[in-house]
$ cat start08.cif   # mmCIF, C-alpha atoms
data_work
loop_
_atom_site.label_atom_id
_atom_site.label_comp_id
_atom_site.auth_asym_id
_atom_site.auth_seq_id
_atom_site.Cartn_x
_atom_site.Cartn_y
_atom_site.Cartn_z
CA MET Z 1 16.51 34.79 35.07
CA PRO Z 2 15.35 34.84 31.40
CA PRO Z 3 14.56 31.51 29.77
CA ILE Z 4 17.33 30.03 27.69
CA GLU Z 5 16.48 29.89 24.00
CA LEU Z 6 16.84 26.48 22.52
CA PRO Z 7 18.53 26.23 19.13
CA ARG Z 8 16.14 25.87 16.22
CA LEU Z 9 15.95 22.22 15.36
CA THR Z 10 13.63 20.41 13.03
CA GLY Z 11 10.75 18.49 14.50
CA SER Z 12 12.16 15.16 13.44
CA LEU Z 13 15.52 15.87 15.05
CA ARG Z 14 13.76 16.77 18.29
CA ALA Z 15 11.52 13.72 18.10
CA PHE Z 16 14.31 11.21 17.59
CA SER Z 17 17.13 12.71 19.62
CA GLY Z 18 15.52 13.43 22.97
CA LEU Z 19 16.55 17.11 22.77
CA SER Z 20 13.04 18.42 23.13
CA SER Z 21 11.86 20.69 25.88
CA PRO Z 22 11.91 19.17 29.37
CA TYR Z 23 8.20 19.91 29.64
CA VAL Z 24 7.38 17.58 26.79
CA ARG Z 25 6.83 14.07 27.99
CA PRO Z 26 9.13 11.64 26.15
CA PRO Z 27 7.51 8.64 24.50
CA GLU Z 28 7.06 5.71 26.82
CA ASN Z 29 8.55 3.31 24.36
CA GLY Z 30 10.87 3.84 21.44
CA ASP Z 31 8.57 2.03 19.07
CA ASP Z 32 6.17 4.91 18.39
CA LEU Z 33 7.26 5.26 14.79
CA LYS Z 34 7.02 1.51 14.24
CA ARG Z 35 3.56 1.45 15.83
CA LYS Z 36 2.38 4.36 13.64
CA ARG Z 37 3.65 2.62 10.52
CA GLN Z 38 1.87 -0.59 11.48
CA LEU Z 39 -1.38 1.27 12.10
CA ARG Z 40 -1.07 3.07 8.76
CA SER Z 41 -0.42 -0.18 6.88
CA LYS Z 42 -3.33 -1.83 8.70
CA LYS Z 43 -5.66 1.01 7.66
CA GLN Z 44 -4.35 0.78 4.10
CA LEU Z 45 -5.10 -2.96 4.02
CA GLU Z 46 -8.64 -2.31 5.22
CA LYS Z 47 -9.19 0.15 2.36
CA THR Z 48 -7.90 -2.05 -0.44
CA LEU Z 49 -9.80 -4.80 -2.17
CA SER Z 50 -8.70 -8.37 -1.90
CA TRP Z 51 -7.99 -10.32 -5.06
CA SER Z 52 -11.11 -12.46 -4.66
CA GLU Z 53 -13.31 -9.35 -4.25
CA LEU Z 54 -11.75 -7.67 -7.27
CA LYS Z 55 -12.04 -10.80 -9.38
CA GLY Z 56 -15.67 -11.24 -8.32
CA LEU Z 57 -16.53 -7.64 -9.24
CA ILE Z 58 -14.90 -7.97 -12.66
CA LEU Z 59 -16.56 -11.29 -13.44
CA ASP Z 60 -19.96 -9.99 -12.27
CA ALA Z 61 -19.61 -7.06 -14.66
CA THR Z 62 -19.09 -9.45 -17.60
CA SER Z 63 -21.56 -12.15 -16.53
CA PHE Z 64 -24.04 -11.23 -19.29
CA ASP Z 65 -21.69 -12.44 -22.05
CA LYS Z 66 -20.13 -15.91 -21.77
CA ILE Z 67 -17.44 -15.22 -24.39
CA ALA Z 68 -16.40 -12.02 -22.62
CA THR Z 69 -16.38 -13.81 -19.27
CA GLN Z 70 -14.07 -16.52 -20.61
CA GLU Z 71 -11.76 -13.91 -22.13
CA VAL Z 72 -11.69 -11.97 -18.85
CA ARG Z 73 -10.88 -15.17 -16.92
CA THR Z 74 -7.94 -15.79 -19.26
CA LEU Z 75 -6.70 -12.21 -18.82
CA LEU Z 76 -7.01 -12.41 -15.04
CA LYS Z 77 -4.98 -15.63 -15.00
CA GLU Z 78 -2.36 -13.91 -17.14
CA LEU Z 79 -2.29 -10.99 -14.70
CA VAL Z 80 -1.75 -13.35 -11.77
CA HIS Z 81 1.10 -15.13 -13.60
CA THR Z 82 2.73 -11.81 -14.47
CA SER Z 83 2.38 -10.61 -10.87
CA ALA Z 84 3.95 -13.87 -9.68
CA GLU Z 85 6.93 -13.18 -11.93
CA ILE Z 86 7.23 -9.66 -10.52
CA VAL Z 87 7.20 -10.67 -6.84
CA GLY Z 88 9.00 -13.94 -7.41
CA ARG Z 89 7.73 -17.44 -8.06
CA ASP Z 90 8.63 -18.56 -4.53
CA SER Z 91 6.46 -15.85 -2.90
CA SER Z 92 3.33 -16.70 -0.97
CA GLY Z 93 -0.05 -16.73 -2.64
CA GLU Z 94 -1.08 -13.73 -0.55
CA ALA Z 95 1.87 -11.71 -1.87
CA VAL Z 96 1.02 -12.66 -5.47
CA GLU Z 97 -2.63 -11.70 -5.00
CA SER Z 98 -1.66 -8.41 -3.37
CA ALA Z 99 0.69 -7.66 -6.26
CA SER Z 100 -2.07 -8.53 -8.73
CA VAL Z 101 -4.43 -6.06 -7.07
CA PHE Z 102 -1.69 -3.41 -7.05
CA VAL Z 103 -0.89 -3.90 -10.74
CA PHE Z 104 -4.57 -3.83 -11.66
CA THR Z 105 -5.34 -0.66 -9.67
CA THR Z 106 -2.22 1.04 -11.02
CA LEU Z 107 -2.99 0.28 -14.65
CA LYS Z 108 -6.81 0.32 -14.70
CA ASP Z 109 -7.20 3.83 -16.17
CA VAL Z 110 -4.00 3.91 -18.24
CA ASN Z 111 -3.82 3.88 -22.03
CA HIS Z 112 -0.03 3.52 -22.15
CA ILE Z 113 2.71 2.79 -19.62
CA GLY Z 114 5.22 5.56 -19.01
CA LYS Z 115 7.53 6.76 -16.29
CA GLY Z 116 4.64 7.77 -14.02
CA GLU Z 117 3.10 4.30 -13.95
CA SER Z 118 6.38 2.45 -13.61
CA ALA Z 119 7.58 4.69 -10.75
CA ASN Z 120 4.78 3.60 -8.38
#
$ encode --input "start08.cif" --output "structure tokens"
Amino acid sequence: MPPIELPRLTGSLRAFSGLSSPYVRPPENGDDLKRKRQLRSKKQLEKTLSWSELKGLILDATSFDKIATQEVRTLLKELVHTSAEIVGRDSSGEAVESASVFVFTTLKDVNHIGKGESAN
């Protein structure tokens, strides 16, 4: 008896519907996608700088000039206040610091803000 051809389905439909081949072992738990997302976000957090590291690097780069250091401190405080407004004043300090790092890394090499920068 010839094998029955399965209809052509996309990989995602097969993965989430249980219509895959009987020889493919189904996932043991339904949280595979959730687990993969958590692992990806954990790896992303390991790659990114924390606010204190970023602030330390910036201040170390300007440590030779006291006037520049004071101006940079003022600008960093302004960035934190702006980030707090973006995420909400009632957000945790960690969320504000994370938003500050995101805003800084997004705008660090930009001369003007356009659709590309605001779409991130």
$ closest_atom_pairs --input "start08.cif" --of "region 40-84 of chain Z" --to "region 95-102 of chain Z" --cutoff "8 Å" --atoms "all atoms listed in the file" --output "CSV"
residue,atom,partner,partner_atom,distance
Z:Leu49,CA,Z:Val101,CA,7.4
Z:Ser50,CA,Z:Val101,CA,7.1
Z:Trp51,CA,Z:Glu97,CA,5.5
Z:Leu54,CA,Z:Val101,CA,7.5
Z:Leu79,CA,Z:Ser100,CA,6.5
Z:Val80,CA,Z:Ser100,CA,5.7
Z:Ser83,CA,Z:Ser100,CA,5.4
Z:Ala84,CA,Z:Val96,CA,5.3
$ atom_distance --input "start08.cif" --atom1 "CA of Thr105 (chain Z)" --atom2 "CA of Asp90 (chain Z)"
23.3 Å
$ atom_distance --input "start08.cif" --atom1 "CA of Ile58 (chain Z)" --atom2 "CA of Lys108 (chain Z)"
11.8 Å
$ residues_around --input "start08.cif" --residues "Arg73 (chain Z)" --least-positions-apart "4" --cutoff "8 Å" --atoms "only C-alpha atoms" --output "list in words"
Leu59, Thr69 and Lys77 of chain Z
$ write_last_selection --input "start08.cif" --atoms "C-alpha atoms" --output "mmCIF file, in the coordinates of the input"
data_model
loop_
_atom_site.group_PDB
_atom_site.id
_atom_site.type_symbol
_atom_site.label_atom_id
_atom_site.label_comp_id
_atom_site.auth_asym_id
_atom_site.auth_seq_id
_atom_site.Cartn_x
_atom_site.Cartn_y
_atom_site.Cartn_z
ATOM 1 C CA LEU Z 59 -16.560 -11.290 -13.440
ATOM 2 C CA THR Z 69 -16.380 -13.810 -19.270
ATOM 3 C CA LYS Z 77 -4.980 -15.630 -15.000
#
$ atom_distance --input "start08.cif" --atom1 "CA of Leu57 (chain Z)" --atom2 "CA of Ser41 (chain Z)"
24.0 Å
$ axis_aligned_box --input "start08.cif" --around "region 46-61 of chain Z" --padding-each-side "4 Å" --output "JSON"
{"center_x": -13.9, "center_y": -6.2, "center_z": -4.7, "size_x": 20.1, "size_y": 20.6, "size_z": 27.9}
